[in-house]
file protein22.cif (mmCIF, C-alpha atoms)
data_structure
loop_
_atom_site.group_PDB
_atom_site.id
_atom_site.type_symbol
_atom_site.label_atom_id
_atom_site.label_comp_id
_atom_site.auth_asym_id
_atom_site.auth_seq_id
_atom_site.Cartn_x
_atom_site.Cartn_y
_atom_site.Cartn_z
ATOM 1 C CA MET A 22 -22.813 -31.065 -17.149
ATOM 2 C CA LEU A 23 -22.811 -31.162 -13.349
ATOM 3 C CA LYS A 24 -19.049 -30.544 -13.272
ATOM 4 C CA LYS A 25 -19.466 -27.552 -15.587
ATOM 5 C CA LEU A 26 -22.222 -26.102 -13.398
ATOM 6 C CA ALA A 27 -20.112 -26.638 -10.271
ATOM 7 C CA GLY A 28 -17.189 -24.877 -11.975
ATOM 8 C CA VAL A 29 -19.379 -21.928 -12.942
ATOM 9 C CA ALA A 30 -20.765 -21.710 -9.417
ATOM 10 C CA ALA A 31 -17.272 -21.842 -7.901
ATOM 11 C CA LEU A 32 -15.949 -19.181 -10.289
ATOM 12 C CA SER A 33 -18.933 -16.951 -9.675
ATOM 13 C CA GLY A 34 -18.662 -17.390 -5.925
ATOM 14 C CA LEU A 35 -15.017 -16.413 -6.105
ATOM 15 C CA LEU A 36 -15.924 -13.339 -8.147
ATOM 16 C CA ILE A 37 -18.584 -12.274 -5.660
ATOM 17 C CA LEU A 38 -16.220 -12.883 -2.739
ATOM 18 C CA SER A 39 -13.499 -10.833 -4.431
ATOM 19 C CA VAL A 40 -15.895 -7.958 -5.017
ATOM 20 C CA GLY A 41 -17.020 -8.090 -1.412
ATOM 21 C CA VAL A 42 -13.469 -8.055 -0.098
ATOM 22 C CA LEU A 43 -12.467 -5.178 -2.357
ATOM 23 C CA LEU A 44 -15.453 -2.985 -1.610
ATOM 24 C CA SER A 45 -16.220 -3.755 1.987
ATOM 25 C CA ALA A 46 -14.652 -2.381 5.102
ATOM 26 C CA SER A 47 -16.025 -2.199 8.572
ATOM 27 C CA ALA A 48 -17.880 0.967 9.496
ATOM 28 C CA GLU A 49 -15.264 1.593 12.164
ATOM 29 C CA GLU A 50 -12.391 1.556 9.695
ATOM 30 C CA CYS A 51 -14.299 3.709 7.183
ATOM 31 C CA GLY A 52 -14.969 6.285 9.852
ATOM 32 C CA LYS A 53 -11.291 6.462 10.733
ATOM 33 C CA SER A 54 -10.296 7.109 7.155
ATOM 34 C CA GLY A 55 -12.801 9.915 6.883
ATOM 35 C CA HIS A 56 -15.284 7.998 4.737
ATOM 36 C CA GLU A 57 -18.777 7.133 5.804
ATOM 37 C CA SER A 58 -19.267 4.769 2.886
ATOM 38 C CA SER A 59 -18.222 1.150 2.929
ATOM 39 C CA MET A 60 -16.693 1.600 -0.539
ATOM 40 C CA GLN A 61 -13.242 2.192 0.808
ATOM 41 C CA CYS A 62 -10.368 2.394 -1.640
ATOM 42 C CA VAL A 63 -6.776 1.263 -1.395
ATOM 43 C CA PRO A 64 -5.315 4.751 -0.836
ATOM 44 C CA CYS A 65 -7.689 5.198 2.103
ATOM 45 C CA LYS A 66 -6.657 1.871 3.560
ATOM 46 C CA ARG A 67 -3.088 3.087 3.350
ATOM 47 C CA GLY A 68 -4.066 6.256 5.207
ATOM 48 C CA GLU A 69 -3.285 8.623 2.349
ATOM 49 C CA CYS A 70 -6.592 10.272 1.541
ATOM 50 C CA ALA A 71 -7.834 13.794 2.124
ATOM 51 C CA GLY A 72 -10.130 12.642 4.942
ATOM 52 C CA VAL A 73 -7.196 11.416 7.014
ATOM 53 C CA TYR A 74 -5.341 14.675 6.555
ATOM 54 C CA LEU A 75 -8.463 16.628 7.510
ATOM 55 C CA LYS A 76 -8.742 14.629 10.739
ATOM 56 C CA GLN A 77 -5.122 15.521 11.457
ATOM 57 C CA ALA A 78 -5.579 19.224 10.577
ATOM 58 C CA ASP A 79 -4.659 20.540 14.023
ATOM 59 C CA GLU A 80 -1.639 18.286 14.468
ATOM 60 C CA LEU A 81 -0.404 19.125 10.964
ATOM 61 C CA ASN A 82 -1.084 22.840 11.455
ATOM 62 C CA LEU A 83 -2.940 23.043 8.148
ATOM 63 C CA SER A 84 -3.807 26.483 6.827
ATOM 64 C CA GLU A 85 -7.396 27.422 5.994
ATOM 65 C CA GLU A 86 -6.474 27.240 2.314
ATOM 66 C CA GLN A 87 -5.105 23.696 2.722
ATOM 67 C CA VAL A 88 -8.207 22.599 4.630
ATOM 68 C CA GLY A 89 -10.415 24.036 1.886
ATOM 69 C CA LYS A 90 -8.493 22.220 -0.860
ATOM 70 C CA LEU A 91 -8.558 18.940 1.073
ATOM 71 C CA LYS A 92 -12.307 19.275 1.685
ATOM 72 C CA ASP A 93 -12.858 19.763 -2.059
ATOM 73 C CA ILE A 94 -10.750 16.710 -2.902
ATOM 74 C CA HIS A 95 -12.530 14.635 -0.252
ATOM 75 C CA THR A 96 -15.990 15.737 -1.414
ATOM 76 C CA ASN A 97 -15.209 14.994 -5.062
ATOM 77 C CA CYS A 98 -13.901 11.531 -4.170
ATOM 78 C CA LYS A 99 -17.027 10.805 -2.114
ATOM 79 C CA LYS A 100 -19.247 11.927 -5.014
ATOM 80 C CA ILE A 101 -17.529 9.513 -7.388
ATOM 81 C CA LYS A 102 -17.921 6.665 -4.890
ATOM 82 C CA ILE A 103 -21.598 7.488 -4.438
ATOM 83 C CA GLN A 104 -22.078 7.421 -8.222
ATOM 84 C CA LYS A 105 -20.240 4.122 -8.722
ATOM 85 C CA LYS A 106 -21.829 2.225 -5.834
ATOM 86 C CA PRO A 107 -25.256 1.729 -7.486
ATOM 87 C CA GLU A 108 -23.629 0.538 -10.711
ATOM 88 C CA ILE A 109 -21.718 -2.110 -8.795
ATOM 89 C CA GLU A 110 -24.790 -3.123 -6.785
ATOM 90 C CA VAL A 111 -26.842 -3.565 -9.982
ATOM 91 C CA LEU A 112 -24.131 -5.760 -11.463
ATOM 92 C CA GLU A 113 -24.059 -7.833 -8.276
ATOM 93 C CA LEU A 114 -27.813 -8.353 -8.594
ATOM 94 C CA ASP A 115 -27.404 -9.301 -12.258
ATOM 95 C CA ILE A 116 -24.755 -11.860 -11.351
ATOM 96 C CA ASP A 117 -26.949 -13.266 -8.575
ATOM 97 C CA SER A 118 -29.863 -13.574 -11.007
ATOM 98 C CA LEU A 119 -27.713 -15.279 -13.595
ATOM 99 C CA LEU A 120 -26.407 -17.738 -11.037
ATOM 100 C CA ASP A 121 -29.959 -18.553 -9.933
ATOM 101 C CA GLU A 122 -30.822 -19.755 -13.426
ATOM 102 C CA ALA A 123 -30.941 -23.484 -14.062
ATOM 103 C CA ASN A 124 -28.296 -23.128 -16.766
ATOM 104 C CA PRO A 125 -26.266 -19.930 -16.168
ATOM 105 C CA ASP A 126 -25.023 -18.207 -19.307
ATOM 106 C CA GLN A 127 -21.242 -18.036 -18.937
ATOM 107 C CA ALA A 128 -20.948 -15.282 -21.554
ATOM 108 C CA LYS A 129 -23.347 -13.070 -19.586
ATOM 109 C CA LEU A 130 -21.469 -13.810 -16.356
ATOM 110 C CA ASP A 131 -18.190 -12.932 -18.044
ATOM 111 C CA SER A 132 -19.684 -9.713 -19.413
ATOM 112 C CA ALA A 133 -20.970 -8.693 -15.973
ATOM 113 C CA ALA A 134 -17.585 -9.477 -14.441
ATOM 114 C CA ASP A 135 -15.845 -7.392 -17.104
ATOM 115 C CA LYS A 136 -18.192 -4.453 -16.480
ATOM 116 C CA MET A 137 -17.659 -4.702 -12.744
ATOM 117 C CA GLY A 138 -13.904 -4.838 -13.206
ATOM 118 C CA LYS A 139 -14.014 -1.739 -15.385
ATOM 119 C CA ILE A 140 -16.071 0.210 -12.829
ATOM 120 C CA LYS A 141 -13.816 -0.861 -9.964
ATOM 121 C CA ALA A 142 -10.736 0.119 -11.981
ATOM 122 C CA GLU A 143 -12.254 3.558 -12.655
ATOM 123 C CA LEU A 144 -13.007 3.947 -8.961
ATOM 124 C CA MET A 145 -9.495 2.890 -7.980
ATOM 125 C CA LYS A 146 -7.959 5.376 -10.441
ATOM 126 C CA GLU A 147 -10.093 8.183 -9.033
ATOM 127 C CA CYS A 148 -9.085 7.249 -5.480
ATOM 128 C CA LEU A 149 -5.434 7.213 -6.442
ATOM 129 C CA LYS A 150 -5.805 10.551 -8.210
ATOM 130 C CA ALA A 151 -7.439 12.055 -5.104
ATOM 131 C CA SER A 152 -4.673 10.623 -2.947
ATOM 132 C CA VAL A 153 -1.986 12.251 -5.085
ATOM 133 C CA GLN A 154 -3.890 15.551 -5.131
ATOM 134 C CA ALA A 155 -4.279 15.490 -1.346
ATOM 135 C CA ARG A 156 -0.597 14.788 -0.808
ATOM 136 C CA LYS A 157 0.338 17.750 -3.011
ATOM 137 C CA VAL A 158 -1.643 20.047 -0.713
ATOM 138 C CA LEU A 159 0.675 19.205 2.180
ATOM 139 C CA THR A 160 4.190 20.459 2.609
ATOM 140 C CA PRO A 161 6.870 17.749 2.785
ATOM 141 C CA GLU A 162 7.129 18.369 6.536
ATOM 142 C CA GLN A 163 3.368 18.004 7.012
ATOM 143 C CA TYR A 164 3.385 14.748 5.066
ATOM 144 C CA LYS A 165 6.191 13.368 7.236
ATOM 145 C CA GLN A 166 4.285 14.410 10.348
ATOM 146 C CA SER A 167 1.132 12.713 9.043
ATOM 147 C CA LYS A 168 3.037 9.460 8.548
ATOM 148 C CA LYS A 169 4.368 9.726 12.111
ATOM 149 C CA LEU A 170 0.840 10.267 13.421
ATOM 150 C CA ASP A 171 -0.362 7.218 11.470
ATOM 151 C CA LYS A 172 2.417 5.068 12.895
ATOM 152 C CA ALA A 173 1.658 6.278 16.410
ATOM 153 C CA LYS A 174 -1.903 4.983 16.026
ATOM 154 C CA SER A 175 -0.844 1.653 14.533
ATOM 155 C CA CYS A 176 -1.364 -1.497 16.499
ATOM 156 C CA PRO A 177 1.459 -4.067 16.517
ATOM 157 C CA MET A 178 -1.049 -6.428 14.935
ATOM 158 C CA GLY A 179 -1.350 -4.123 11.912
ATOM 159 C CA GLU A 180 -4.695 -2.599 12.859
ATOM 160 C CA LYS A 181 -5.255 1.122 13.296
ATOM 161 C CA HIS A 182 -7.115 2.472 16.289
ATOM 162 C CA GLU A 183 -8.196 5.851 17.595
ATOM 163 C CA SER A 184 -7.137 4.605 21.018
ATOM 164 C CA MET A 185 -5.212 1.448 21.725
ATOM 165 C CA PRO A 186 -5.895 0.217 25.264
ATOM 166 C CA HIS A 187 -5.275 -3.407 24.294
ATOM 167 C CA CYS A 188 -2.040 -2.485 22.540
ATOM 168 C CA GLU A 189 -0.870 -0.390 25.481
ATOM 169 C CA LYS A 190 -1.463 -3.345 27.804
ATOM 170 C CA LYS A 191 0.678 -5.573 25.575
ATOM 171 C CA ALA A 192 3.477 -3.010 25.487
ATOM 172 C CA MET A 193 3.736 -2.857 29.315
#
call {"tool": "encode", "arguments": {"input": "protein22.cif", "output": "structure tokens"}}
result
Amino acid sequence: MLKKLAGVAALSGLLILSVGVLLSASAEECGKSGHESSMQCVPCKRGECAGVYLKQADELNLSEEQVGKLKDIHTNCKKIKIQKKPEIEVLELDIDSLLDEANPDQAKLDSAADKMGKIKAELMKECLKASVQARKVLTPEQYKQSKKLDKAKSCPMGEKHESMPHCEKKAM
């Protein structure tokens, strides 16, 4: 019985850790990708979301029409994230409550995990859709320029920075 409970606790801890890793990002990184929320998605981490392109508008010489389209895409993506966040938070609370029980119900834990996985998959699909839409707004030349700008801000350690004084010191 004790081994079973320890296994459930370990599995649940892993689930909660995985959710935290997937959904969390530092406020600094979120701000750089154009998102204020900590629910950052994979396309944003890769630097391919509308918010990044909007921040690069001057360097990419975006037209007013392109900026408008990117703002719409960015706003719609943010709305979806705002809608999904409470659902995920409620499921996290449910999982915490289940784990606090003397004898956690594995079927209920599995159900909560399945629901959370479904919501996260929906969110990921929406982020990917927004990423593709945003890329289509750019010309091929603008997209290439955006990638160059991203690389110019990349730290040799794989981190992205608005300014890189510590990286510049290493390069000297």
call {"tool": "atom_distance", "arguments": {"input": "protein22.cif", "atom1": "atom CA of A:Glu113", "atom2": "atom CA of A:Cys148"}}
result
21.4 Å
call {"tool": "resolve_selection", "arguments": {"input": "protein22.cif", "expression": "the PyMOL selection byres ((chain A and resi 161-171) around 8)", "output": "PyMOL selection string"}}
result
chain A and resi 68+74+77+81-82+156+159-160+172-175
call {"tool": "resolve_selection", "arguments": {"input": "protein22.cif", "expression": "the PyMOL selection byres ((chain A and resi 130) around 10)", "output": "list in words"}}
result
Val29, Leu32, Ser33, Leu36, Leu112, Asp115, Ile116, Asp117, Ser118, Leu119, Leu120, Pro125, Asp126, Gln127, Ala128, Lys129, Asp131, Ser132, Ala133, Ala134, Asp135 and Lys136 of chain A
call {"tool": "residues_around", "arguments": {"input": "protein22.cif", "residues": "A:Asp93", "least_positions_apart": "5", "cutoff": "9 Å", "atoms": "all atoms listed in the file", "output": "number ranges by chain"}}
result
A: 71, 88, 98
call {"tool": "axis_aligned_box", "arguments": {"input": "protein22.cif", "around": "stretch 101-109 of chain A", "padding_each_side": "8 Å", "output": "JSON"}}
result
{"center_x": -21.4, "center_y": 3.7, "center_z": -7.6, "size_x": 23.7, "size_y": 27.6, "size_z": 22.3}
call {"tool": "resolve_selection", "arguments": {"input": "protein22.cif", "expression": "the PyMOL selection byres ((chain A and resi 145-147) around 8)", "output": "list in words"}}
result
Cys62, Val63, Cys98, Ile101, Lys141, Ala142, Glu143, Leu144, Cys148, Leu149, Lys150 and Ala151 of chain A
call {"tool": "closest_residue", "arguments": {"input": "protein22.cif", "among": "A:Val111, A:Leu75, A:Ala123, A:Ser152", "to": "A:Leu91", "atoms": "only C-alpha atoms"}}
result
A:Leu75
call {"tool": "atom_distance", "arguments": {"input": "protein22.cif", "atom1": "atom CA of A:Met137", "atom2": "atom CA of A:Lys99"}}
result
18.8 Å
